[in-house]
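Student: This is work.txt, which holds compact mmCIF, C-alpha atoms:
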# COMPACT_ATOMS: atom_id res chain seq x y z
CA MET D 1 319.39 23.02 124.26
CA ASN D 2 317.61 20.39 126.33
CA LYS D 3 313.90 20.49 127.25
CA LYS D 4 314.41 21.67 130.82
CA MET D 5 316.65 24.50 129.64
CA ILE D 6 314.09 25.55 127.00
CA GLN D 7 311.34 25.60 129.64
CA VAL D 8 313.37 27.72 132.09
CA ARG D 9 314.38 30.04 129.25
CA GLU D 10 310.73 30.49 128.21
CA GLU D 11 309.83 31.47 131.78
CA ILE D 12 312.66 33.99 131.90
CA LEU D 13 311.73 35.46 128.50
CA GLY D 14 308.07 35.73 129.53
CA SER D 15 308.92 37.59 132.72
CA ASN D 16 311.40 39.77 130.78
CA ARG D 17 308.71 40.73 128.23
CA LYS D 18 306.38 41.88 131.02
CA ILE D 19 309.02 44.05 132.68
CA ALA D 20 310.10 45.45 129.28
CA ALA D 21 306.52 46.51 128.54
CA GLU D 22 306.37 48.34 131.89
CA VAL D 23 309.71 50.08 131.24
CA ARG D 24 308.53 51.18 127.77
CA SER D 25 305.22 52.46 129.04
CA ARG D 26 306.80 54.43 131.92
CA LEU D 27 309.44 56.03 129.71
CA GLU D 28 306.95 56.80 126.92
CA ALA D 29 304.79 58.62 129.46
CA GLU D 30 307.83 60.77 130.33
CA GLY D 31 308.49 61.53 126.64
CA VAL D 32 311.72 59.51 126.53
CA LEU D 33 312.68 57.66 123.33
CA VAL D 34 314.65 54.49 124.17
CA VAL D 35 317.22 52.93 121.81
CA ASN D 36 318.83 49.50 122.40
CA LEU D 37 322.20 49.07 120.62
CA LEU D 38 323.33 45.56 119.66
CA SER D 39 326.59 44.41 118.06
CA SER D 40 329.76 42.39 118.46
CA PRO D 41 332.43 43.68 120.84
CA GLY D 42 334.41 46.45 119.16
CA SER D 43 331.89 47.39 116.44
CA GLY D 44 331.94 50.96 117.69
CA LYS D 45 328.82 51.26 119.88
CA THR D 46 330.41 53.52 122.52
CA THR D 47 332.24 55.70 119.98
CA LEU D 48 329.03 56.15 117.96
CA LEU D 49 327.20 57.08 121.17
CA GLU D 50 329.89 59.62 122.05
CA ARG D 51 329.23 61.38 118.73
CA ILE D 52 325.44 61.15 119.00
CA VAL D 53 325.22 62.51 122.54
CA GLU D 54 327.53 65.38 121.57
CA ALA D 55 325.20 66.24 118.67
CA LEU D 56 321.99 65.87 120.73
CA LYS D 57 323.15 67.52 123.93
CA PRO D 58 322.62 71.21 123.11
CA ASP D 59 318.91 70.76 122.32
CA HIS D 60 317.73 67.37 123.58
CA ALA D 61 318.93 65.86 126.85
CA PRO D 62 320.43 62.38 126.26
CA ALA D 63 321.30 59.73 128.86
CA VAL D 64 323.09 56.41 128.47
CA ILE D 65 323.02 52.99 130.14
CA GLU D 66 326.14 50.97 129.42
CA GLY D 67 326.11 47.17 129.61
CA ASP D 68 329.31 45.19 129.97
CA ILE D 69 330.52 41.97 131.54
CA GLU D 70 333.12 43.90 133.57
CA THR D 71 334.56 47.44 134.00
CA GLU D 72 333.06 50.96 134.21
CA ARG D 73 335.04 52.10 131.19
CA ASP D 74 332.22 52.83 128.78
CA ALA D 75 330.08 54.81 131.26
CA GLU D 76 333.17 56.88 132.13
CA ARG D 77 333.66 57.72 128.44
CA ILE D 78 330.08 59.01 128.16
CA ARG D 79 330.28 60.94 131.46
CA ARG D 80 333.31 62.76 130.09
CA LYS D 81 330.90 64.25 127.51
CA GLY D 82 328.88 65.75 130.37
CA VAL D 83 326.03 63.28 129.86
CA PRO D 84 324.48 61.12 132.62
CA ALA D 85 325.56 57.48 132.27
CA TRP D 86 325.12 54.33 134.35
CA GLN D 87 327.18 51.19 134.03
CA ILE D 88 325.56 47.79 134.41
CA THR D 89 328.18 45.06 134.80
CA THR D 90 326.59 41.68 134.33
CA GLY D 91 329.49 39.80 135.93
CA GLY D 92 329.47 37.11 133.26
CA ALA D 93 325.98 37.22 131.75
CA CYS D 94 326.01 37.66 127.99
CA HIS D 95 323.10 40.12 127.59
CA LEU D 96 321.13 42.78 129.45
CA GLU D 97 317.62 42.08 130.75
CA ALA D 98 314.72 44.50 131.23
CA LYS D 99 314.86 44.20 135.04
CA MET D 100 318.38 45.68 135.02
CA VAL D 101 317.03 48.73 133.16
CA ALA D 102 313.93 48.94 135.40
CA ARG D 103 316.14 49.24 138.50
CA LEU D 104 317.79 52.37 137.06
CA LEU D 105 314.57 54.22 136.15
CA PRO D 106 314.39 56.25 139.40
CA GLU D 107 317.85 57.70 138.65
CA ILE D 108 317.07 59.02 135.16
CA PRO D 109 316.77 62.85 135.22
CA ALA D 110 313.32 64.30 134.46
CA GLU D 111 314.62 66.36 131.51
CA THR D 112 315.87 63.26 129.63
CA ARG D 113 314.58 63.01 126.05
CA PHE D 114 316.68 60.14 124.67
CA LEU D 115 317.85 57.08 126.56
CA PHE D 116 320.43 54.89 124.84
CA ILE D 117 321.11 51.40 126.16
CA GLU D 118 324.37 49.89 124.96
CA ASN D 119 324.01 46.13 125.29
CA VAL D 120 326.83 43.69 126.11
CA GLY D 121 329.00 43.20 123.01
CA ASN D 122 327.48 40.04 121.57
CA LEU D 123 325.74 39.59 118.25
CA VAL D 124 323.80 36.53 119.43
CA CYS D 125 322.24 36.48 122.90
CA PRO D 126 320.97 40.08 123.38
CA ALA D 127 318.62 39.68 120.38
CA GLY D 128 316.20 37.61 122.49
CA TYR D 129 315.70 40.22 125.23
CA ASP D 130 313.39 43.23 124.88
CA LEU D 131 314.69 45.97 127.20
CA GLY D 132 311.67 48.26 126.81
CA GLU D 133 313.16 50.06 123.81
CA ASN D 134 311.29 51.91 121.07
CA LEU D 135 314.09 51.35 118.57
CA ARG D 136 316.60 48.56 118.24
CA TRP D 137 319.81 49.29 116.33
CA VAL D 138 322.19 46.61 115.13
CA LEU D 139 325.70 47.83 114.31
CA LEU D 140 328.01 46.12 111.84
CA SER D 141 331.53 47.49 111.43
CA ALA D 142 333.48 47.26 108.19
CA PRO D 143 336.28 45.05 109.64
CA GLU D 144 333.78 42.37 110.72
CA GLY D 145 332.99 41.47 107.12
CA ASP D 146 329.93 41.84 104.89
CA ASP D 147 328.96 38.15 105.31
CA LYS D 148 327.79 38.51 108.92
CA PRO D 149 324.01 39.18 108.63
CA LYS D 150 323.12 35.66 107.41
CA LYS D 151 325.55 34.02 109.84
CA TYR D 152 324.03 35.83 112.85
CA PRO D 153 320.48 36.49 111.64
CA SER D 154 318.45 37.13 114.78
CA ALA D 155 319.97 40.51 115.71
CA PHE D 156 319.26 41.69 112.16
CA ALA D 157 315.77 40.16 112.12
CA THR D 158 314.67 41.99 115.28
CA ALA D 159 316.27 45.43 114.66
CA HIS D 160 314.67 48.59 113.24
CA CYS D 161 317.95 50.04 111.93
CA LEU D 162 321.19 48.67 110.56
CA ILE D 163 324.09 51.03 111.27
CA LEU D 164 327.17 50.28 109.18
CA THR D 165 330.07 51.72 111.19
CA LYS D 166 333.72 52.60 110.52
CA SER D 167 332.90 53.57 106.92
CA ASP D 168 336.25 55.42 106.83
CA LEU D 169 337.79 51.93 106.55
CA PHE D 170 335.70 50.90 103.48
CA PRO D 171 338.52 51.84 101.04
CA VAL D 172 341.17 49.68 102.78
CA LEU D 173 339.09 46.59 103.60
CA PRO D 174 337.41 43.87 101.54
CA PHE D 175 333.97 45.02 102.77
CA ASP D 176 331.08 45.65 100.39
CA PRO D 177 328.51 47.83 102.22
CA GLU D 178 325.88 47.06 99.58
CA ARG D 179 326.29 43.33 100.08
CA ALA D 180 326.03 43.74 103.87
CA ALA D 181 322.87 45.87 103.53
CA ARG D 182 321.35 43.52 100.93
CA GLU D 183 321.90 40.44 103.16
CA ALA D 184 320.41 42.23 106.16
CA LEU D 185 317.41 43.43 104.13
CA GLU D 186 316.78 39.88 102.89
CA ILE D 187 316.42 38.87 106.55
CA ASN D 188 314.42 41.97 107.50
CA PRO D 189 313.09 44.17 104.68
CA ARG D 190 311.92 46.88 107.11
CA LEU D 191 315.46 47.73 108.27
CA ARG D 192 316.45 51.35 107.79
CA VAL D 193 320.13 51.48 106.82
CA PHE D 194 322.61 54.18 107.89
CA VAL D 195 326.27 54.42 106.89
CA THR D 196 328.42 56.09 109.54
CA SER D 197 331.93 56.94 110.59
CA ALA D 198 332.45 58.22 114.12
CA LEU D 199 335.91 59.34 112.96
CA THR D 200 334.76 61.62 110.12
CA GLY D 201 331.24 62.28 111.43
CA LYS D 202 329.62 60.73 108.34
CA GLY D 203 326.00 59.79 108.93
CA ILE D 204 325.74 61.33 112.41
CA PRO D 205 323.47 64.27 111.37
CA GLU D 206 321.15 61.83 109.56
CA LEU D 207 320.94 59.59 112.64
CA VAL D 208 320.23 62.56 114.90
CA ARG D 209 317.49 63.83 112.56
CA TYR D 210 315.99 60.34 112.48
CA LEU D 211 316.03 60.12 116.30
CA VAL D 212 314.30 63.48 116.67
CA GLU D 213 311.64 62.45 114.12
CA CYS D 214 311.06 59.15 115.93
CA ARG D 215 310.62 60.95 119.24
CA ASP D 216 308.15 63.41 117.63
CA THR D 217 306.17 60.43 116.34
CA LEU D 218 306.32 58.83 119.80
CA LEU D 219 304.97 62.01 121.38
CA ARG D 220 302.13 61.98 118.87
CA GLY D 221 301.31 58.58 120.31
CA ARG D 222 302.13 56.39 117.33
CA ARG D 223 304.11 53.21 117.18
CA HIS D 224 307.56 53.04 115.54
CA ALA D 225 307.96 49.38 114.86
CA MET M 1 320.41 34.43 136.26
CA ASN M 2 317.79 32.89 138.57
CA LYS M 3 318.39 29.82 140.75
CA LYS M 4 316.57 27.36 138.49
CA MET M 5 318.56 28.58 135.48
CA ILE M 6 321.84 28.21 137.39
CA GLN M 7 320.93 24.66 138.41
CA VAL M 8 320.02 23.62 134.85
CA ARG M 9 323.19 25.30 133.52
CA GLU M 10 325.32 23.42 136.07
CA GLU M 11 323.82 20.11 134.93
CA ILE M 12 324.52 20.95 131.29
CA LEU M 13 328.09 22.03 132.06
CA GLY M 14 328.70 18.85 134.07
CA SER M 15 327.49 16.64 131.26
CA ASN M 16 329.49 18.71 128.75
CA ARG M 17 332.69 18.26 130.78
CA LYS M 18 332.26 14.49 130.74
CA ILE M 19 331.74 14.34 126.98
CA ALA M 20 334.65 16.74 126.41
CA ALA M 21 336.97 14.48 128.42
CA GLU M 22 335.93 11.52 126.26
CA VAL M 23 336.49 13.50 123.03
CA ARG M 24 339.94 14.58 124.23
CA SER M 25 340.94 11.11 125.27
CA ARG M 26 339.78 9.51 121.98
CA LEU M 27 341.54 12.10 119.82
CA GLU M 28 344.73 12.03 121.92
CA ALA M 29 344.86 8.27 121.41
CA GLU M 30 344.76 8.88 117.63
CA GLY M 31 347.56 11.47 117.87
CA VAL M 32 345.30 14.40 116.98
CA LEU M 33 345.96 17.81 118.55
CA VAL M 34 342.70 19.73 119.00
CA VAL M 35 342.48 23.55 118.99
CA ASN M 36 339.31 25.49 119.95
CA LEU M 37 339.20 29.02 118.49
CA LEU M 38 337.19 31.71 120.31
CA SER M 39 336.51 35.32 119.33
CA SER M 40 333.93 37.90 118.35
CA PRO M 41 332.32 37.62 114.91
CA GLY M 42 334.67 39.00 112.27
CA SER M 43 337.94 38.77 114.25
CA GLY M 44 339.42 36.66 111.48
CA LYS M 45 339.08 33.06 112.73
CA THR M 46 338.28 31.54 109.33
CA THR M 47 340.88 33.60 107.46
CA LEU M 48 343.57 32.65 110.00
CA LEU M 49 342.55 28.98 109.64
CA GLU M 50 342.79 29.23 105.84
CA ARG M 51 346.43 30.32 106.21
CA ILE M 52 347.26 27.74 108.88
CA VAL M 53 345.81 24.77 107.02
CA GLU M 54 347.66 25.87 103.86
CA ALA M 55 350.91 25.92 105.82
CA LEU M 56 350.27 22.60 107.61
CA LYS M 57 348.80 20.64 104.72
CA PRO M 58 351.95 19.48 102.92
CA ASP M 59 353.37 17.71 106.02
CA HIS M 60 350.64 17.37 108.65
CA ALA M 61 347.02 16.57 107.77
CA PRO M 62 344.68 19.23 109.22
CA ALA M 63 340.88 19.09 109.51
CA VAL M 64 338.40 21.75 110.58
CA ILE M 65 335.02 21.88 112.32
CA GLU M 66 333.21 25.16 111.73
CA GLY M 67 330.58 26.40 114.18
CA ASP M 68 328.02 29.02 113.16
CA ILE M 69 324.46 29.98 113.94
CA GLU M 70 323.52 29.66 110.26
CA THR M 71 325.11 29.00 106.80
CA GLU M 72 327.75 26.57 105.47
CA ARG M 73 329.96 29.44 104.32
CA ASP M 74 332.97 28.87 106.55
CA ALA M 75 333.24 25.12 105.94
CA GLU M 76 333.05 25.79 102.19
CA ARG M 77 335.98 28.22 102.47
CA ILE M 78 338.12 25.57 104.18
CA ARG M 79 337.08 22.82 101.73
CA ARG M 80 338.28 25.04 98.88
CA LYS M 81 341.78 24.60 100.39
CA GLY M 82 341.45 20.84 99.90
CA VAL M 83 341.06 20.22 103.63
CA PRO M 84 338.22 18.19 105.24
CA ALA M 85 335.73 20.48 106.98
CA TRP M 86 332.37 19.99 108.67
CA GLN M 87 329.88 22.73 109.41
CA ILE M 88 327.88 22.68 112.63
CA THR M 89 324.99 25.16 112.48
CA THR M 90 323.58 25.66 115.94
CA GLY M 91 320.34 27.23 114.66
CA GLY M 92 320.42 29.97 117.29
CA ALA M 93 322.60 28.62 120.10
CA CYS M 94 325.46 30.94 120.98
CA HIS M 95 328.25 28.38 121.48
CA LEU M 96 329.35 24.87 120.52
CA GLU M 97 329.10 21.97 122.98
CA ALA M 98 331.25 18.85 123.23
CA LYS M 99 328.43 16.54 122.13
CA MET M 100 328.31 18.33 118.74
CA VAL M 101 332.00 17.54 118.27
CA ALA M 102 331.57 13.95 119.56
CA ARG M 103 328.98 13.25 116.85
CA LEU M 104 331.51 14.12 114.13
CA LEU M 105 334.35 11.92 115.43
CA PRO M 106 333.53 8.92 113.18
CA GLU M 107 333.93 11.13 110.10
CA ILE M 108 337.42 12.43 110.88
CA PRO M 109 339.99 10.78 108.56
CA ALA M 110 342.54 8.47 110.23
CA GLU M 111 345.51 10.50 108.91
CA THR M 112 344.36 13.70 110.69
CA ARG M 113 347.05 15.29 112.89
CA PHE M 114 345.45 18.64 113.77
CA LEU M 115 341.76 19.31 114.34
CA PHE M 116 340.70 22.95 114.55
CA ILE M 117 337.28 23.82 115.94
CA GLU M 118 336.10 27.31 115.08
CA ASN M 119 333.50 28.25 117.66
CA VAL M 120 330.45 30.47 117.07
CA GLY M 121 331.58 34.12 116.88
CA ASN M 122 330.96 35.23 120.45
CA LEU M 123 333.49 36.42 123.00
CA VAL M 124 331.26 35.51 125.96
CA CYS M 125 329.35 32.23 125.97
CA PRO M 126 331.78 29.75 124.33
CA ALA M 127 334.29 30.31 127.15
CA GLY M 128 332.24 28.11 129.50
CA TYR M 129 332.25 25.03 127.27
CA ASP M 130 335.18 22.62 127.00
CA LEU M 131 334.99 20.93 123.58
CA GLY M 132 337.70 18.37 124.28
CA GLU M 133 340.48 20.64 123.03
CA ASN M 134 344.16 20.52 123.99
CA LEU M 135 344.64 24.20 123.21
CA ARG M 136 342.25 27.10 123.42
CA TRP M 137 343.02 30.20 121.35
CA VAL M 138 341.34 33.55 121.83
CA LEU M 139 341.62 35.93 118.90
CA LEU M 140 341.44 39.71 119.20
CA SER M 141 341.55 41.79 116.03
CA ALA M 142 343.01 45.27 115.88
CA PRO M 143 339.70 46.99 114.93
CA GLU M 144 337.97 45.63 118.06
CA GLY M 145 340.08 47.81 120.34
CA ASP M 146 342.80 47.13 122.90
CA ASP M 147 340.37 47.55 125.84
CA LYS M 148 338.52 44.28 125.27
CA PRO M 149 340.32 41.75 127.53
CA LYS M 150 339.13 43.27 130.82
CA LYS M 151 335.62 43.88 129.45
CA TYR M 152 335.23 40.24 128.34
CA PRO M 153 337.61 38.46 130.73
CA SER M 154 336.50 34.82 130.72
CA ALA M 155 337.61 33.96 127.17
CA PHE M 156 341.05 35.38 128.01
CA ALA M 157 341.14 33.69 131.43
CA THR M 158 340.53 30.22 129.97
CA ALA M 159 342.72 30.40 126.83
CA HIS M 160 346.27 29.11 126.31
CA CYS M 161 347.12 31.57 123.54
CA LEU M 162 346.14 35.12 122.64
CA ILE M 163 346.30 35.69 118.89
CA LEU M 164 346.27 39.36 117.91
CA THR M 165 344.96 39.41 114.33
CA LYS M 166 344.85 41.92 111.46
CA SER M 167 348.20 43.38 112.54
CA ASP M 168 348.45 44.96 109.06
CA LEU M 169 345.86 47.45 110.38
CA PHE M 170 347.93 48.48 113.46
CA PRO M 171 349.33 51.58 111.68
CA VAL M 172 345.91 52.98 110.72
CA LEU M 173 343.95 52.21 113.91
CA PRO M 174 344.08 53.46 117.50
CA PHE M 175 345.07 49.98 118.72
CA ASP M 176 348.02 49.41 121.04
CA PRO M 177 349.02 45.72 120.81
CA GLU M 178 351.14 46.01 123.96
CA ARG M 179 348.19 47.33 125.97
CA ALA M 180 345.96 44.52 124.65
CA ALA M 181 348.58 41.89 125.55
CA ARG M 182 349.27 43.44 128.96
CA GLU M 183 345.56 43.48 129.87
CA ALA M 184 345.15 39.89 128.77
CA LEU M 185 348.27 38.80 130.70
CA GLU M 186 346.96 40.52 133.85
CA ILE M 187 343.91 38.26 133.59
CA ASN M 188 345.92 35.17 132.65
CA PRO M 189 349.73 35.31 133.01
CA ARG M 190 350.18 31.95 131.27
CA LEU M 191 348.87 33.21 127.93
CA ARG M 192 351.27 32.84 125.03
CA VAL M 193 350.88 35.84 122.71
CA PHE M 194 351.15 35.76 118.90
CA VAL M 195 350.85 38.74 116.56
CA THR M 196 349.47 37.78 113.14
CA SER M 197 348.22 39.09 109.84
CA ALA M 198 346.49 36.65 107.53
CA LEU M 199 346.94 39.25 104.79
CA THR M 200 350.75 39.52 104.98
CA GLY M 201 351.40 36.11 106.55
CA LYS M 202 352.99 37.65 109.66
CA GLY M 203 353.08 35.23 112.58
CA ILE M 204 351.80 32.20 110.63
CA PRO M 205 355.16 30.30 110.61
CA GLU M 206 355.50 30.88 114.39
CA LEU M 207 351.99 29.54 115.00
CA VAL M 208 352.63 26.49 112.83
CA ARG M 209 355.92 25.75 114.63
CA TYR M 210 354.13 26.11 117.97
CA LEU M 211 351.37 23.72 116.87
CA VAL M 212 353.86 21.09 115.75
CA GLU M 213 355.76 21.40 119.07
CA CYS M 214 352.53 21.06 121.03
CA ARG M 215 351.59 17.93 119.12
CA ASP M 216 355.06 16.44 119.72
CA THR M 217 354.61 17.10 123.44
CA LEU M 218 351.15 15.53 123.28
CA LEU M 219 352.59 12.43 121.64
CA ARG M 220 355.15 12.21 124.40
CA GLY M 221 352.17 11.96 126.70
CA ARG M 222 352.45 15.26 128.54
CA ARG M 223 349.77 17.80 129.28
CA HIS M 224 349.72 21.22 127.60
CA ALA M 225 347.52 23.21 129.93
Can you turn what I pasted into structure tokens?

Tutor:
Amino acid sequence: MNKKMIQVREEILGSNRKIAAEVRSRLEAEGVLVVNLLSSPGSGKTTLLERIVEALKPDHAPAVIEGDIETERDAERIRRKGVPAWQITTGGACHLEAKMVARLLPEIPAETRFLFIENVGNLVCPAGYDLGENLRWVLLSAPEGDDKPKKYPSAFATAHCLILTKSDLFPVLPFDPERAAREALEINPRLRVFVTSALTGKGIPELVRYLVECRDTLLRGRRHA
Amino acid sequence: MNKKMIQVREEILGSNRKIAAEVRSRLEAEGVLVVNLLSSPGSGKTTLLERIVEALKPDHAPAVIEGDIETERDAERIRRKGVPAWQITTGGACHLEAKMVARLLPEIPAETRFLFIENVGNLVCPAGYDLGENLRWVLLSAPEGDDKPKKYPSAFATAHCLILTKSDLFPVLPFDPERAAREALEINPRLRVFVTSALTGKGIPELVRYLVECRDTLLRGRRHA
């Protein structure tokens, strides 16, 4: 990256941080826990969210912001679960920014308790942009390979949780979940690791319990990071 | 993206295009066919390259440039096949640029006939950067889902070939290769589609034949795009 590019990027990141802090503070005041989901395309972000909103819905109102380059497909999938969802299409940009989330705040229903933001599928660029979340999750699916954390470190370095997905495929793929977790923990020892399968439901109750605990802590006015 | 960012990006892209044209022209003069491989992390770029260089090696000298954010892992995998390989670690940047390839040109052995450049695993950003290639391949693996072309259109719009990978997993995954190909062809009707499995070897002989034909055409001084 040349000097001019670095300077412009620093300005953008600075302005993004300010807006993210405002988003976080407004949603915290409303009692909403915000989760930002990062991963490669096809790691299973939307399918995991389908399962989580189903599990949360009876007791805790969830809502979802979907980020994609193009198409409304992911928001439509969430809406079919009877959950409010908004699609942000970036039209080419490789990550979401806090201002895109800020624009949607007036539309979020008052009863919302959990807001999930599914970032653009990209294990690199979204890591640099705070969206006002309380929790950042990085997903790694079994077919991607257990060598990915050290090759794409910044998403793992900035996340609170590592969610290993598609665990139903562990038996048929050369994927060692312990190696993946160990590599990620070497980058970021504070990561909390979950093993999930949206197909079998493995790990979903644990994630839901964790989310509810995090929101309780948020309501008690503590920090989660 | 704000105006200043767009302006800086345009300057960078302009300078990249110039360097890419020089790279292409120098390598064409040496009779080297250059392939730029784009995909998400974990779609199987390195594993496909391992199979292709094995198949090419006896008759046609291949060489490989590996792009990653961090680690020398992929270049080491190729070197274990007895094939020259160089690792570019971008240290955070989400794509390769032509100047990174240009710097390596003096090291490429004179006998080289095929140069493969494996881009950083990212289905978004690398699409904007010409590296001086003759052919651009976009890989899509079965576990990523058949809905990806329209969600991440620019890699598919700018590629010459769509390589569906991990076809051995078609029977156990909800992936429809015809839907994936149809979506990609709606974006870019000129795409040539290959179905491959690095595990079973499916599609590798067809890809190798295609590469050899493309290089013959290149030597006859025609364009491939």

Student: From the set D:Ala20, D:Ile187, D:Ala29, D:Ala93, which residue has the shortest atom-to-atom contact distance to chain M, counting all atoms listed in the file?

Tutor: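 Answer, going by the shortest atom-to-atom distance: D:Ala93.
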
Student: Could the centre and edge lengths of an axis-aligned box, enclosing all atoms of segment 175-188 of chain M in the file with 8 Å extra on each side, be given in Å to one decimal as JSON?

Tutor:
{"center_x": 347.5, "center_y": 42.6, "center_z": 126.3, "size_x": 23.2, "size_y": 30.8, "size_z": 31.1}

Student: Please, what distance in Å, to one decimal, runs between atom CA of Ile69 of chain M and atom CA of Ala181 of chain D?

Tutor: 19.1 Å

Student: Hey, which of D:Trp86, D:Tyr152, D:Tyr129, D:Tyr210 ends up closest to chain M? Count all atoms listed in the file.

Tutor: D:Tyr152

Student: Given the choices D:Arg9, D:Arg192, D:Lys18, D:Arg113, which gets closest to chain M if the distance is worked out from only C-alpha atoms?

Tutor: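 Smallest separation from chain M among the options: D:Arg9.
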
Student: Could you work out how far atom CA of Asp176 of chain D lies from atom CA of Asp147 of chain D, giving the answer in Å with one decimal?

Tutor: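 Going from atom CA of Asp147 of chain D over to atom CA of Asp176 of chain D, I get 9.2 Å.
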
Student: Report as JSON lines: every residue of chain D with an atom at most 10 Å from chain M, its closest pair of atoms, and their distance in Å to one decimal, counting all atoms listed in the file, with rows sorted by chain and ascending residue number.

Tutor:
{"residue": "D:Met1", "atom": "CA", "partner": "M:Ala93", "partner_atom": "CA", "distance": 7.7}
{"residue": "D:Asn2", "atom": "CA", "partner": "M:Ile12", "partner_atom": "CA", "distance": 8.5}
{"residue": "D:Lys4", "atom": "CA", "partner": "M:Val8", "partner_atom": "CA", "distance": 7.2}
{"residue": "D:Met5", "atom": "CA", "partner": "M:Val8", "partner_atom": "CA", "distance": 6.3}
{"residue": "D:Gln7", "atom": "CA", "partner": "M:Met5", "partner_atom": "CA", "distance": 9.8}
{"residue": "D:Val8", "atom": "CA", "partner": "M:Met5", "partner_atom": "CA", "distance": 6.3}
{"residue": "D:Arg9", "atom": "CA", "partner": "M:Met5", "partner_atom": "CA", "distance": 7.6}
{"residue": "D:Glu11", "atom": "CA", "partner": "M:Met5", "partner_atom": "CA", "distance": 9.9}
{"residue": "D:Ile12", "atom": "CA", "partner": "M:Asn2", "partner_atom": "CA", "distance": 8.5}
{"residue": "D:Ser39", "atom": "CA", "partner": "M:Pro41", "partner_atom": "CA", "distance": 9.4}
{"residue": "D:Ser40", "atom": "CA", "partner": "M:Ser40", "partner_atom": "CA", "distance": 6.1}
{"residue": "D:Pro41", "atom": "CA", "partner": "M:Ser40", "partner_atom": "CA", "distance": 6.5}
{"residue": "D:Gly42", "atom": "CA", "partner": "M:Glu144", "partner_atom": "CA", "distance": 3.8}
{"residue": "D:Ser43", "atom": "CA", "partner": "M:Glu144", "partner_atom": "CA", "distance": 6.5}
{"residue": "D:Gly44", "atom": "CA", "partner": "M:Glu144", "partner_atom": "CA", "distance": 8.1}
{"residue": "D:Asp68", "atom": "CA", "partner": "M:Lys151", "partner_atom": "CA", "distance": 6.5}
{"residue": "D:Ile69", "atom": "CA", "partner": "M:Lys151", "partner_atom": "CA", "distance": 5.8}
{"residue": "D:Glu70", "atom": "CA", "partner": "M:Lys151", "partner_atom": "CA", "distance": 4.8}
{"residue": "D:Thr71", "atom": "CA", "partner": "M:Lys151", "partner_atom": "CA", "distance": 5.9}
{"residue": "D:Glu72", "atom": "CA", "partner": "M:Lys151", "partner_atom": "CA", "distance": 8.9}
{"residue": "D:Arg73", "atom": "CA", "partner": "M:Lys151", "partner_atom": "CA", "distance": 8.4}
{"residue": "D:Asp74", "atom": "CA", "partner": "M:Lys151", "partner_atom": "CA", "distance": 9.6}
{"residue": "D:Thr89", "atom": "CA", "partner": "M:Lys151", "partner_atom": "CA", "distance": 9.2}
{"residue": "D:Thr90", "atom": "CA", "partner": "M:Met1", "partner_atom": "CA", "distance": 9.7}
{"residue": "D:Gly91", "atom": "CA", "partner": "M:Tyr152", "partner_atom": "CA", "distance": 9.5}
{"residue": "D:Gly92", "atom": "CA", "partner": "M:Val124", "partner_atom": "CA", "distance": 7.7}
{"residue": "D:Ala93", "atom": "CA", "partner": "M:Met1", "partner_atom": "CA", "distance": 7.7}
{"residue": "D:Cys94", "atom": "CA", "partner": "M:Val124", "partner_atom": "CA", "distance": 6.0}
{"residue": "D:His95", "atom": "CA", "partner": "M:Val124", "partner_atom": "CA", "distance": 9.5}
{"residue": "D:Glu97", "atom": "CA", "partner": "M:Met1", "partner_atom": "CA", "distance": 9.8}
{"residue": "D:Val120", "atom": "CA", "partner": "M:Val124", "partner_atom": "CA", "distance": 9.3}
{"residue": "D:Gly121", "atom": "CA", "partner": "M:Leu123", "partner_atom": "CA", "distance": 8.1}
{"residue": "D:Asn122", "atom": "CA", "partner": "M:Asn122", "partner_atom": "CA", "distance": 6.0}
{"residue": "D:Leu123", "atom": "CA", "partner": "M:Asn122", "partner_atom": "CA", "distance": 7.1}
{"residue": "D:Val124", "atom": "CA", "partner": "M:Cys94", "partner_atom": "CA", "distance": 6.0}
{"residue": "D:Cys125", "atom": "CA", "partner": "M:Cys94", "partner_atom": "CA", "distance": 6.7}
{"residue": "D:Leu140", "atom": "CA", "partner": "M:Gly42", "partner_atom": "CA", "distance": 9.8}
{"residue": "D:Ser141", "atom": "CA", "partner": "M:Pro143", "partner_atom": "CA", "distance": 8.9}
{"residue": "D:Ala142", "atom": "CA", "partner": "M:Pro143", "partner_atom": "CA", "distance": 9.2}
{"residue": "D:Pro143", "atom": "CA", "partner": "M:Pro143", "partner_atom": "CA", "distance": 6.6}
{"residue": "D:Glu144", "atom": "CA", "partner": "M:Gly42", "partner_atom": "CA", "distance": 3.8}
{"residue": "D:Gly145", "atom": "CA", "partner": "M:Gly42", "partner_atom": "CA", "distance": 6.0}
{"residue": "D:Asp146", "atom": "CA", "partner": "M:Gly42", "partner_atom": "CA", "distance": 9.2}
{"residue": "D:Asp147", "atom": "CA", "partner": "M:Arg73", "partner_atom": "CA", "distance": 8.8}
{"residue": "D:Lys148", "atom": "CA", "partner": "M:Pro41", "partner_atom": "CA", "distance": 7.6}
{"residue": "D:Pro149", "atom": "CA", "partner": "M:Glu70", "partner_atom": "CA", "distance": 9.7}
{"residue": "D:Lys150", "atom": "CA", "partner": "M:Glu70", "partner_atom": "CA", "distance": 6.7}
{"residue": "D:Lys151", "atom": "CA", "partner": "M:Glu70", "partner_atom": "CA", "distance": 4.8}
{"residue": "D:Tyr152", "atom": "CA", "partner": "M:Ile69", "partner_atom": "CA", "distance": 6.0}
{"residue": "D:Pro153", "atom": "CA", "partner": "M:Glu70", "partner_atom": "CA", "distance": 7.6}
{"residue": "D:Ser154", "atom": "CA", "partner": "M:Gly92", "partner_atom": "CA", "distance": 7.8}
{"residue": "D:Lys166", "atom": "CA", "partner": "M:Pro143", "partner_atom": "CA", "distance": 9.3}
{"residue": "D:Leu169", "atom": "CA", "partner": "M:Val172", "partner_atom": "CA", "distance": 9.2}
{"residue": "D:Val172", "atom": "CA", "partner": "M:Leu169", "partner_atom": "CA", "distance": 9.2}
{"residue": "D:Leu173", "atom": "CA", "partner": "M:Leu169", "partner_atom": "CA", "distance": 9.6}
